[in-house]
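First up is the structure itself, then whatever we jot down about it.
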Amino acid sequence: MDLEGIAPRIEAEIGIPIVVARANGLDYAFTQGEDTVLAAMAHRCSSLEQNEKNLVLFGSLPETVTKQLELELNKQNITVSGWLPSKRYSDLPSLSENTYVCGVNPFLSRTATTLMRRRKCKLISAPFPIGPDGTRAWIEKICHVFNIIPSGLEEREQAIWQSIEDYVQLVKGIPYMDQRFQSAELELLERTCKELNTPLPRIVEKPDNYNQIQRIRELQPDLAITGMAHANPLEARDTWIYQCT
């Protein structure tokens with residue numbers, strides 16, 4: 001179906017903006033669905049001619065979290081010009097070649113590519129504001145781009161770590177990885193492991209059933225909790241399994 005051709009005619013007829021985001025049914029069950037929609041919305045942002053740097057953040061977050069991030073940046077004398085997505089379609093940010101964009105979620109590589117290649121924005125490659133250390137590194141990188149010396153971030157980070165100490169063990173990993181878009185995040189992980197004298201964890205970018213079986217075999221676990229893809233080969237090797245369907 002020619003959605004791109006139909007959408008403008010329907011939009012003109014009903015007077016309501018239509019954003020075409022092509023994705024299969026499974027995409028919307030995962031994080032790639034957000035990436036697809038935001039990349040499509042980036043094409044609908046207006047163009048702006050300006051010589052001064054401005055900052056646009058992209059990624060879906062609750063309003064309370066966006067306000068907190070804006071407040072932290074305001075403390076460093078940095079103003080956020082807009083968010084993608086915005087609360088209303090009419091509030092979509094204007095973009096120019098002097099617009100610096102920075103992501104807040106680690107799975108928005110398509111959106112980042114669209115903003116750089118199609119809208120000529122400049123991407124700030126920073127660790128993501130996940131946890132006190134990630135948020136500090138994220139703010140520091142933005143400050144560096146805007147030639148601002150950050151202040152008070154170390155004390156702020158330590159205070160937050162103390163306030164969430166009981167919950168740290170509940171934190172889980174991210175479901176998706178893109179080596180290019182998340183390069184700053186991987187550099188921060190490596191640097192943190194060296195500082196804490198902790199072994200760098202093994203990172204698996206995508207499922208590979210054969211290699212996964214080999215890793216399980218190397219670990220020789222007493223119990224493997226797995227799906228159907230690994231149940232039969234593990235059972236054949238006399239591994240105790242708990243199958244999740």
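Ordered as shown in the structure tokens, chains take letters A, B, and onward, while each chain numbers its residues from 1 and ligands are numbered from 1 in the order shown.
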Show me a table, sorted first by chain and then by increasing residue number, of the residues of stretch 98-210 of chain A having an atom at most 12 Å from stretch 85-93 of chain A, each with its shortest atom pair and the distance in Å to one decimal, counting only C-alpha atoms and written as a tab-separated table.
```
residue	atom	partner	partner_atom	distance
A:Thr99	CA	A:Pro93	CA	10.0
A:Tyr100	CA	A:Pro93	CA	11.8
A:Val101	CA	A:Pro93	CA	10.8
A:Gly103	CA	A:Pro85	CA	11.4
A:Val104	CA	A:Pro85	CA	11.7
A:Thr111	CA	A:Pro85	CA	11.0
A:Leu115	CA	A:Pro93	CA	11.8
A:Arg119	CA	A:Pro93	CA	11.9
```
Can you spit out the residues from that selection as an mmCIF file, in the first residue's frame, using N, CA, C and O atoms?
```
data_model
loop_
_atom_site.group_PDB
_atom_site.id
_atom_site.type_symbol
_atom_site.label_atom_id
_atom_site.label_comp_id
_atom_site.auth_asym_id
_atom_site.auth_seq_id
_atom_site.Cartn_x
_atom_site.Cartn_y
_atom_site.Cartn_z
ATOM 1 N N THR A 99 21.714 22.933 14.966
ATOM 2 C CA THR A 99 21.009 22.224 16.031
ATOM 3 C C THR A 99 21.825 21.011 16.461
ATOM 4 O O THR A 99 22.201 20.177 15.637
ATOM 5 N N TYR A 100 22.093 20.927 17.738
ATOM 6 C CA TYR A 100 22.764 19.762 18.308
ATOM 7 C C TYR A 100 21.701 18.863 18.936
ATOM 8 O O TYR A 100 20.863 19.341 19.698
ATOM 9 N N VAL A 101 21.736 17.587 18.590
ATOM 10 C CA VAL A 101 20.739 16.649 19.098
ATOM 11 C C VAL A 101 21.433 15.608 19.965
ATOM 12 O O VAL A 101 22.575 15.221 19.717
ATOM 13 N N GLY A 103 20.465 11.952 22.326
ATOM 14 C CA GLY A 103 19.465 10.957 22.693
ATOM 15 C C GLY A 103 19.438 10.674 24.183
ATOM 16 O O GLY A 103 20.442 10.841 24.883
ATOM 17 N N VAL A 104 18.272 10.243 24.655
ATOM 18 C CA VAL A 104 18.130 9.875 26.061
ATOM 19 C C VAL A 104 17.842 8.386 26.231
ATOM 20 O O VAL A 104 17.816 7.890 27.353
ATOM 21 N N THR A 111 16.621 7.086 14.436
ATOM 22 C CA THR A 111 16.275 8.491 14.645
ATOM 23 C C THR A 111 17.520 9.363 14.567
ATOM 24 O O THR A 111 17.508 10.428 13.937
ATOM 25 N N LEU A 115 18.207 12.370 11.828
ATOM 26 C CA LEU A 115 18.485 13.750 12.235
ATOM 27 C C LEU A 115 19.806 14.247 11.654
ATOM 28 O O LEU A 115 19.929 15.415 11.277
ATOM 29 N N ARG A 119 18.300 15.831 8.201
ATOM 30 C CA ARG A 119 18.038 17.169 8.739
ATOM 31 C C ARG A 119 19.305 17.949 9.039
ATOM 32 O O ARG A 119 19.241 19.072 9.523
#
```
| said: What's around stretch 125-139 of chain A at 8 Å? Count only C-alpha atoms, leave out sequence neighbours fewer than 2 positions away in its own chain, and write the answer as a list of chain:residue names. | reply: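 In the requested format, the answer is A:Glu72, A:Leu73, A:Cys102, A:Gly103, A:Val104, A:Asn105, A:Pro106, A:Leu123, A:Lys141, A:Ile142, A:Cys143, A:Pro150, A:Leu153, A:Glu154, A:Glu157, A:Gln158, A:Ile160, A:Trp161, A:Phe181, A:Gln182, A:Ser183, A:Ala184, A:Glu185, A:Leu188.
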Output N, CA and C atoms for every residue in that selection, as a tab-separated table (two decimals), in the first residue's frame.
```tsv
chain	number	residue	atom	x	y	z
A	72	GLU	N	18.40	19.91	35.37
A	72	GLU	CA	19.83	19.65	35.56
A	72	GLU	C	20.67	20.41	34.54
A	73	LEU	N	20.19	20.49	33.30
A	73	LEU	CA	20.92	21.24	32.28
A	73	LEU	C	20.83	22.75	32.53
A	102	CYS	N	20.73	15.17	21.00
A	102	CYS	CA	21.30	14.19	21.93
A	102	CYS	C	20.20	13.25	22.38
A	103	GLY	N	20.46	11.95	22.33
A	103	GLY	CA	19.46	10.96	22.69
A	103	GLY	C	19.44	10.67	24.18
A	104	VAL	N	18.27	10.24	24.65
A	104	VAL	CA	18.13	9.87	26.06
A	104	VAL	C	17.84	8.39	26.23
A	105	ASN	N	17.63	7.68	25.11
A	105	ASN	CA	17.40	6.24	25.13
A	105	ASN	C	18.41	5.55	24.22
A	106	PRO	N	18.86	4.35	24.57
A	106	PRO	CA	19.96	3.71	23.83
A	106	PRO	C	19.54	2.96	22.57
A	123	LEU	N	25.05	15.37	15.96
A	123	LEU	CA	24.75	14.43	17.05
A	123	LEU	C	25.80	14.54	18.14
A	141	LYS	N	29.17	15.75	28.76
A	141	LYS	CA	29.44	15.78	27.32
A	141	LYS	C	28.70	16.93	26.64
A	142	ILE	N	27.46	17.18	27.05
A	142	ILE	CA	26.70	18.31	26.49
A	142	ILE	C	27.39	19.63	26.85
A	143	CYS	N	27.84	19.75	28.09
A	143	CYS	CA	28.55	20.96	28.51
A	143	CYS	C	29.80	21.16	27.66
A	150	PRO	N	31.27	22.27	33.56
A	150	PRO	CA	30.21	21.84	34.49
A	150	PRO	C	30.64	22.04	35.94
A	153	LEU	N	28.59	18.54	39.68
A	153	LEU	CA	28.05	17.25	39.23
A	153	LEU	C	28.53	16.09	40.09
A	154	GLU	N	29.78	16.14	40.54
A	154	GLU	CA	30.30	15.03	41.34
A	154	GLU	C	29.53	14.92	42.65
A	157	GLU	N	26.04	13.57	41.93
A	157	GLU	CA	26.05	12.12	41.66
A	157	GLU	C	26.13	11.32	42.95
A	158	GLN	N	27.06	11.70	43.83
A	158	GLN	CA	27.23	10.95	45.08
A	158	GLN	C	25.98	11.00	45.95
A	160	ILE	N	22.89	11.24	44.94
A	160	ILE	CA	21.86	10.38	44.36
A	160	ILE	C	22.19	8.92	44.59
A	161	TRP	N	23.49	8.54	44.45
A	161	TRP	CA	23.86	7.15	44.73
A	161	TRP	C	23.46	6.75	46.15
A	181	PHE	N	25.88	3.92	17.79
A	181	PHE	CA	25.07	4.88	18.54
A	181	PHE	C	25.39	4.83	20.03
A	182	GLN	N	25.83	3.67	20.52
A	182	GLN	CA	26.10	3.51	21.95
A	182	GLN	C	27.59	3.44	22.25
A	183	SER	N	28.41	3.98	21.36
A	183	SER	CA	29.87	3.93	21.56
A	183	SER	C	30.29	4.64	22.85
A	184	ALA	N	29.69	5.81	23.14
A	184	ALA	CA	30.04	6.53	24.36
A	184	ALA	C	29.64	5.73	25.60
A	185	GLU	N	28.53	5.01	25.51
A	185	GLU	CA	28.08	4.18	26.63
A	185	GLU	C	29.07	3.04	26.89
A	188	LEU	N	32.21	4.41	28.51
A	188	LEU	CA	31.97	4.67	29.93
A	188	LEU	C	31.98	3.38	30.73
```
I want to know what sits within 10 Å of stretch 8-19 of chain A, based on only C-alpha atoms, with residues of the same chain fewer than 5 positions away left out; could you give that as a PDB file with C-alpha atoms, in the first residue's frame?
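Output file part_10.pdb is given in full below:
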```
ATOM      1  CA  LEU A   3       0.964   5.037   2.495  1.00  0.00           C
ATOM      2  CA  VAL A  37       8.012   6.546  14.840  1.00  0.00           C
ATOM      3  CA  LEU A  38      10.505   9.178  16.007  1.00  0.00           C
ATOM      4  CA  ALA A  40       9.275   9.528  10.841  1.00  0.00           C
ATOM      5  CA  MET A  41       8.420  12.494  13.071  1.00  0.00           C
ATOM      6  CA  ALA A  42      11.872  13.993  12.485  1.00  0.00           C
ATOM      7  CA  HIS A  43      10.907  14.558   8.850  1.00  0.00           C
ATOM      8  CA  ARG A  44       7.946  16.690   9.987  1.00  0.00           C
ATOM      9  CA  TYR A  89       2.390  17.959  17.154  1.00  0.00           C
ATOM     10  CA  SER A  90       2.429  21.741  16.861  1.00  0.00           C
TER      11      SER A  90
END
```
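Excluding A:Thr79 itself and any same-chain residue fewer than 5 positions from it, the protein and nucleic acid residues within 10 Å of it, counting only C-alpha atoms, are Asn54, Leu55, Val56, Glu70, Leu71, Glu72, Leu73 and Asn74 of chain A.
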| For A:Gln32, which residue out of A:Ile124, A:Leu108, A:Cys45, A:Leu61 is the nearest one, using only C-alpha atoms? |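 With only C-alpha atoms as the atom set, the closest residue is A:Leu108.
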| In Å, with one decimal, what is the gap from atom CA of A:Arg217 to atom CA of A:Glu235? | 11.8 Å
| query | Which residue out of A:Leu84, A:Ala7, A:Leu186, A:Ala231 has the minimum interatomic distance to A:Phe58 when only C-alpha atoms are used? | reply |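 Nearest candidate to A:Phe58 out of A:Leu84, A:Ala7, A:Leu186, A:Ala231: A:Leu84.
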| request: Pull the strand (DSSP E) assignments for stretch 81-133 of chain A out of DSSP run on the backbone, and list those residues as JSON, numbers by chain. | output: {"A": [81, 82, 83, 84, 99, 100, 101, 102, 103, 122, 123]}
Write the residues you've just listed into a file as a PDB file, in the first residue's frame, and include N, CA and C atoms for each of them.
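Result file is again_0.pdb:
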```pdb
ATOM      1  N   SER A  81      15.967  23.461  23.660  1.00  0.00           N
ATOM      2  CA  SER A  81      15.079  24.148  22.713  1.00  0.00           C
ATOM      3  C   SER A  81      13.827  23.344  22.400  1.00  0.00           C
ATOM      4  N   GLY A  82      13.901  22.024  22.548  1.00  0.00           N
ATOM      5  CA  GLY A  82      12.731  21.214  22.242  1.00  0.00           C
ATOM      6  C   GLY A  82      13.012  19.736  22.417  1.00  0.00           C
ATOM      7  N   TRP A  83      11.924  18.962  22.368  1.00  0.00           N
ATOM      8  CA  TRP A  83      11.999  17.508  22.518  1.00  0.00           C
ATOM      9  C   TRP A  83      11.364  16.836  21.307  1.00  0.00           C
ATOM     10  N   LEU A  84      11.917  15.691  20.946  1.00  0.00           N
ATOM     11  CA  LEU A  84      11.307  14.821  19.952  1.00  0.00           C
ATOM     12  C   LEU A  84      11.096  13.463  20.604  1.00  0.00           C
ATOM     13  N   THR A  99      21.714  22.933  14.966  1.00  0.00           N
ATOM     14  CA  THR A  99      21.009  22.224  16.031  1.00  0.00           C
ATOM     15  C   THR A  99      21.825  21.011  16.461  1.00  0.00           C
ATOM     16  N   TYR A 100      22.093  20.927  17.738  1.00  0.00           N
ATOM     17  CA  TYR A 100      22.764  19.762  18.308  1.00  0.00           C
ATOM     18  C   TYR A 100      21.701  18.863  18.936  1.00  0.00           C
ATOM     19  N   VAL A 101      21.736  17.587  18.590  1.00  0.00           N
ATOM     20  CA  VAL A 101      20.739  16.649  19.098  1.00  0.00           C
ATOM     21  C   VAL A 101      21.433  15.608  19.965  1.00  0.00           C
ATOM     22  N   CYS A 102      20.732  15.175  21.000  1.00  0.00           N
ATOM     23  CA  CYS A 102      21.304  14.195  21.925  1.00  0.00           C
ATOM     24  C   CYS A 102      20.201  13.248  22.375  1.00  0.00           C
ATOM     25  N   GLY A 103      20.465  11.952  22.326  1.00  0.00           N
ATOM     26  CA  GLY A 103      19.465  10.957  22.693  1.00  0.00           C
ATOM     27  C   GLY A 103      19.438  10.674  24.183  1.00  0.00           C
ATOM     28  N   LYS A 122      23.674  18.010  14.228  1.00  0.00           N
ATOM     29  CA  LYS A 122      24.928  17.475  14.756  1.00  0.00           C
ATOM     30  C   LYS A 122      24.602  16.624  15.982  1.00  0.00           C
ATOM     31  N   LEU A 123      25.046  15.365  15.962  1.00  0.00           N
ATOM     32  CA  LEU A 123      24.753  14.433  17.047  1.00  0.00           C
ATOM     33  C   LEU A 123      25.803  14.543  18.143  1.00  0.00           C
TER      34      LEU A 123
END
```
Using the chain letters and numbers from this document, which residues of stretch 12-216 of chain A does DSSP assign to helix (DSSP H, G or I), as a PDB file with C-alpha atoms, in the first residue's frame?
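New file out12.pdb:
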```pdb
ATOM      1  CA  ALA A  12      -5.365  17.773   3.318  1.00  0.00           C
ATOM      2  CA  GLU A  13      -8.923  16.455   3.372  1.00  0.00           C
ATOM      3  CA  ILE A  14      -9.386  16.065   7.126  1.00  0.00           C
ATOM      4  CA  ASP A  27       8.238  -3.757  15.892  1.00  0.00           C
ATOM      5  CA  TYR A  28       5.627  -2.090  18.043  1.00  0.00           C
ATOM      6  CA  ALA A  29       6.106  -4.732  20.738  1.00  0.00           C
ATOM      7  CA  GLN A  32      12.433  -0.427  17.626  1.00  0.00           C
ATOM      8  CA  GLY A  33       8.840   0.745  17.346  1.00  0.00           C
ATOM      9  CA  GLU A  34       9.662   4.002  19.113  1.00  0.00           C
ATOM     10  CA  ASP A  35      12.733   4.451  16.908  1.00  0.00           C
ATOM     11  CA  THR A  36      10.632   4.017  13.752  1.00  0.00           C
ATOM     12  CA  VAL A  37       8.012   6.546  14.840  1.00  0.00           C
ATOM     13  CA  LEU A  38      10.505   9.178  16.007  1.00  0.00           C
ATOM     14  CA  ALA A  39      12.493   8.870  12.771  1.00  0.00           C
ATOM     15  CA  ALA A  40       9.275   9.528  10.841  1.00  0.00           C
ATOM     16  CA  MET A  41       8.420  12.494  13.071  1.00  0.00           C
ATOM     17  CA  ALA A  42      11.872  13.993  12.485  1.00  0.00           C
ATOM     18  CA  GLU A  63       7.064  14.508  31.596  1.00  0.00           C
ATOM     19  CA  THR A  64       8.431  14.453  35.154  1.00  0.00           C
ATOM     20  CA  VAL A  65      11.708  12.951  33.892  1.00  0.00           C
ATOM     21  CA  THR A  66      12.059  15.432  31.025  1.00  0.00           C
ATOM     22  CA  LYS A  67      11.563  18.286  33.494  1.00  0.00           C
ATOM     23  CA  GLN A  68      14.258  16.845  35.751  1.00  0.00           C
ATOM     24  CA  LEU A  69      16.741  16.584  32.877  1.00  0.00           C
ATOM     25  CA  GLU A  70      15.940  20.107  31.739  1.00  0.00           C
ATOM     26  CA  LEU A  71      16.435  21.360  35.304  1.00  0.00           C
ATOM     27  CA  GLU A  72      19.828  19.648  35.562  1.00  0.00           C
ATOM     28  CA  LEU A  73      20.916  21.245  32.277  1.00  0.00           C
ATOM     29  CA  ASN A  74      19.555  24.643  33.345  1.00  0.00           C
ATOM     30  CA  TYR A  89       2.390  17.959  17.154  1.00  0.00           C
ATOM     31  CA  SER A  90       2.429  21.741  16.861  1.00  0.00           C
ATOM     32  CA  ASP A  91       5.308  21.845  19.378  1.00  0.00           C
ATOM     33  CA  SER A 109      19.926   4.749  16.130  1.00  0.00           C
ATOM     34  CA  ARG A 110      17.527   5.210  13.188  1.00  0.00           C
ATOM     35  CA  THR A 111      16.275   8.491  14.645  1.00  0.00           C
ATOM     36  CA  ALA A 112      19.846   9.687  15.184  1.00  0.00           C
ATOM     37  CA  THR A 113      20.774   8.796  11.604  1.00  0.00           C
ATOM     38  CA  THR A 114      17.716  10.617  10.228  1.00  0.00           C
ATOM     39  CA  LEU A 115      18.485  13.750  12.235  1.00  0.00           C
ATOM     40  CA  MET A 116      22.090  13.777  11.027  1.00  0.00           C
ATOM     41  CA  ARG A 117      21.739  12.790   7.379  1.00  0.00           C
ATOM     42  CA  GLY A 131      21.705   6.096  36.570  1.00  0.00           C
ATOM     43  CA  PRO A 132      23.623   8.816  38.439  1.00  0.00           C
ATOM     44  CA  ASP A 133      26.939   8.100  36.693  1.00  0.00           C
ATOM     45  CA  GLY A 134      25.389   7.956  33.225  1.00  0.00           C
ATOM     46  CA  THR A 135      23.462  11.166  33.817  1.00  0.00           C
ATOM     47  CA  ARG A 136      26.589  12.935  35.016  1.00  0.00           C
ATOM     48  CA  ALA A 137      28.562  11.797  31.942  1.00  0.00           C
ATOM     49  CA  TRP A 138      25.647  12.819  29.684  1.00  0.00           C
ATOM     50  CA  ILE A 139      25.548  16.334  31.142  1.00  0.00           C
ATOM     51  CA  GLU A 140      29.344  16.645  31.023  1.00  0.00           C
ATOM     52  CA  LYS A 141      29.445  15.780  27.323  1.00  0.00           C
ATOM     53  CA  ILE A 142      26.704  18.308  26.493  1.00  0.00           C
ATOM     54  CA  CYS A 143      28.551  20.959  28.506  1.00  0.00           C
ATOM     55  CA  HIS A 144      31.735  20.177  26.589  1.00  0.00           C
ATOM     56  CA  VAL A 145      29.979  20.664  23.236  1.00  0.00           C
ATOM     57  CA  LEU A 153      28.047  17.253  39.234  1.00  0.00           C
ATOM     58  CA  GLU A 154      30.300  15.033  41.344  1.00  0.00           C
ATOM     59  CA  GLU A 155      28.530  16.009  44.576  1.00  0.00           C
ATOM     60  CA  ARG A 156      25.146  15.621  42.883  1.00  0.00           C
ATOM     61  CA  GLU A 157      26.045  12.122  41.661  1.00  0.00           C
ATOM     62  CA  GLN A 158      27.230  10.951  45.077  1.00  0.00           C
ATOM     63  CA  ALA A 159      24.103  12.275  46.780  1.00  0.00           C
ATOM     64  CA  ILE A 160      21.859  10.379  44.364  1.00  0.00           C
ATOM     65  CA  TRP A 161      23.863   7.151  44.727  1.00  0.00           C
ATOM     66  CA  GLN A 162      23.332   7.330  48.473  1.00  0.00           C
ATOM     67  CA  SER A 163      19.600   7.887  48.080  1.00  0.00           C
ATOM     68  CA  GLU A 165      21.604   2.457  47.428  1.00  0.00           C
ATOM     69  CA  ASP A 166      18.903  -0.060  48.407  1.00  0.00           C
ATOM     70  CA  TYR A 167      17.587  -0.283  44.842  1.00  0.00           C
ATOM     71  CA  VAL A 168      20.832  -0.636  42.869  1.00  0.00           C
ATOM     72  CA  GLN A 169      20.689  -4.435  42.864  1.00  0.00           C
ATOM     73  CA  LEU A 170      17.342  -4.339  41.062  1.00  0.00           C
ATOM     74  CA  SER A 183      29.869   3.933  21.562  1.00  0.00           C
ATOM     75  CA  ALA A 184      30.036   6.525  24.361  1.00  0.00           C
ATOM     76  CA  GLU A 185      28.083   4.185  26.632  1.00  0.00           C
ATOM     77  CA  LEU A 186      30.524   1.326  25.953  1.00  0.00           C
ATOM     78  CA  GLU A 187      33.504   3.617  26.602  1.00  0.00           C
ATOM     79  CA  LEU A 188      31.968   4.669  29.933  1.00  0.00           C
ATOM     80  CA  LEU A 189      31.402   1.005  30.858  1.00  0.00           C
ATOM     81  CA  GLU A 190      35.031   0.115  30.110  1.00  0.00           C
ATOM     82  CA  ARG A 191      36.352   3.143  32.007  1.00  0.00           C
ATOM     83  CA  THR A 192      34.131   2.413  35.020  1.00  0.00           C
ATOM     84  CA  CYS A 193      35.212  -1.235  35.153  1.00  0.00           C
ATOM     85  CA  LYS A 194      38.866  -0.169  35.164  1.00  0.00           C
ATOM     86  CA  GLU A 195      38.261   2.383  37.930  1.00  0.00           C
ATOM     87  CA  ASN A 209      21.532 -19.848  19.012  1.00  0.00           C
ATOM     88  CA  TYR A 210      24.696 -21.788  18.175  1.00  0.00           C
ATOM     89  CA  ASN A 211      27.043 -19.406  19.987  1.00  0.00           C
ATOM     90  CA  GLN A 212      24.615 -19.194  22.903  1.00  0.00           C
ATOM     91  CA  ILE A 213      24.731 -22.977  23.278  1.00  0.00           C
ATOM     92  CA  GLN A 214      28.536 -22.877  23.226  1.00  0.00           C
ATOM     93  CA  ARG A 215      28.598 -20.194  25.942  1.00  0.00           C
ATOM     94  CA  ILE A 216      26.243 -22.216  28.122  1.00  0.00           C
TER      95      ILE A 216
END
```
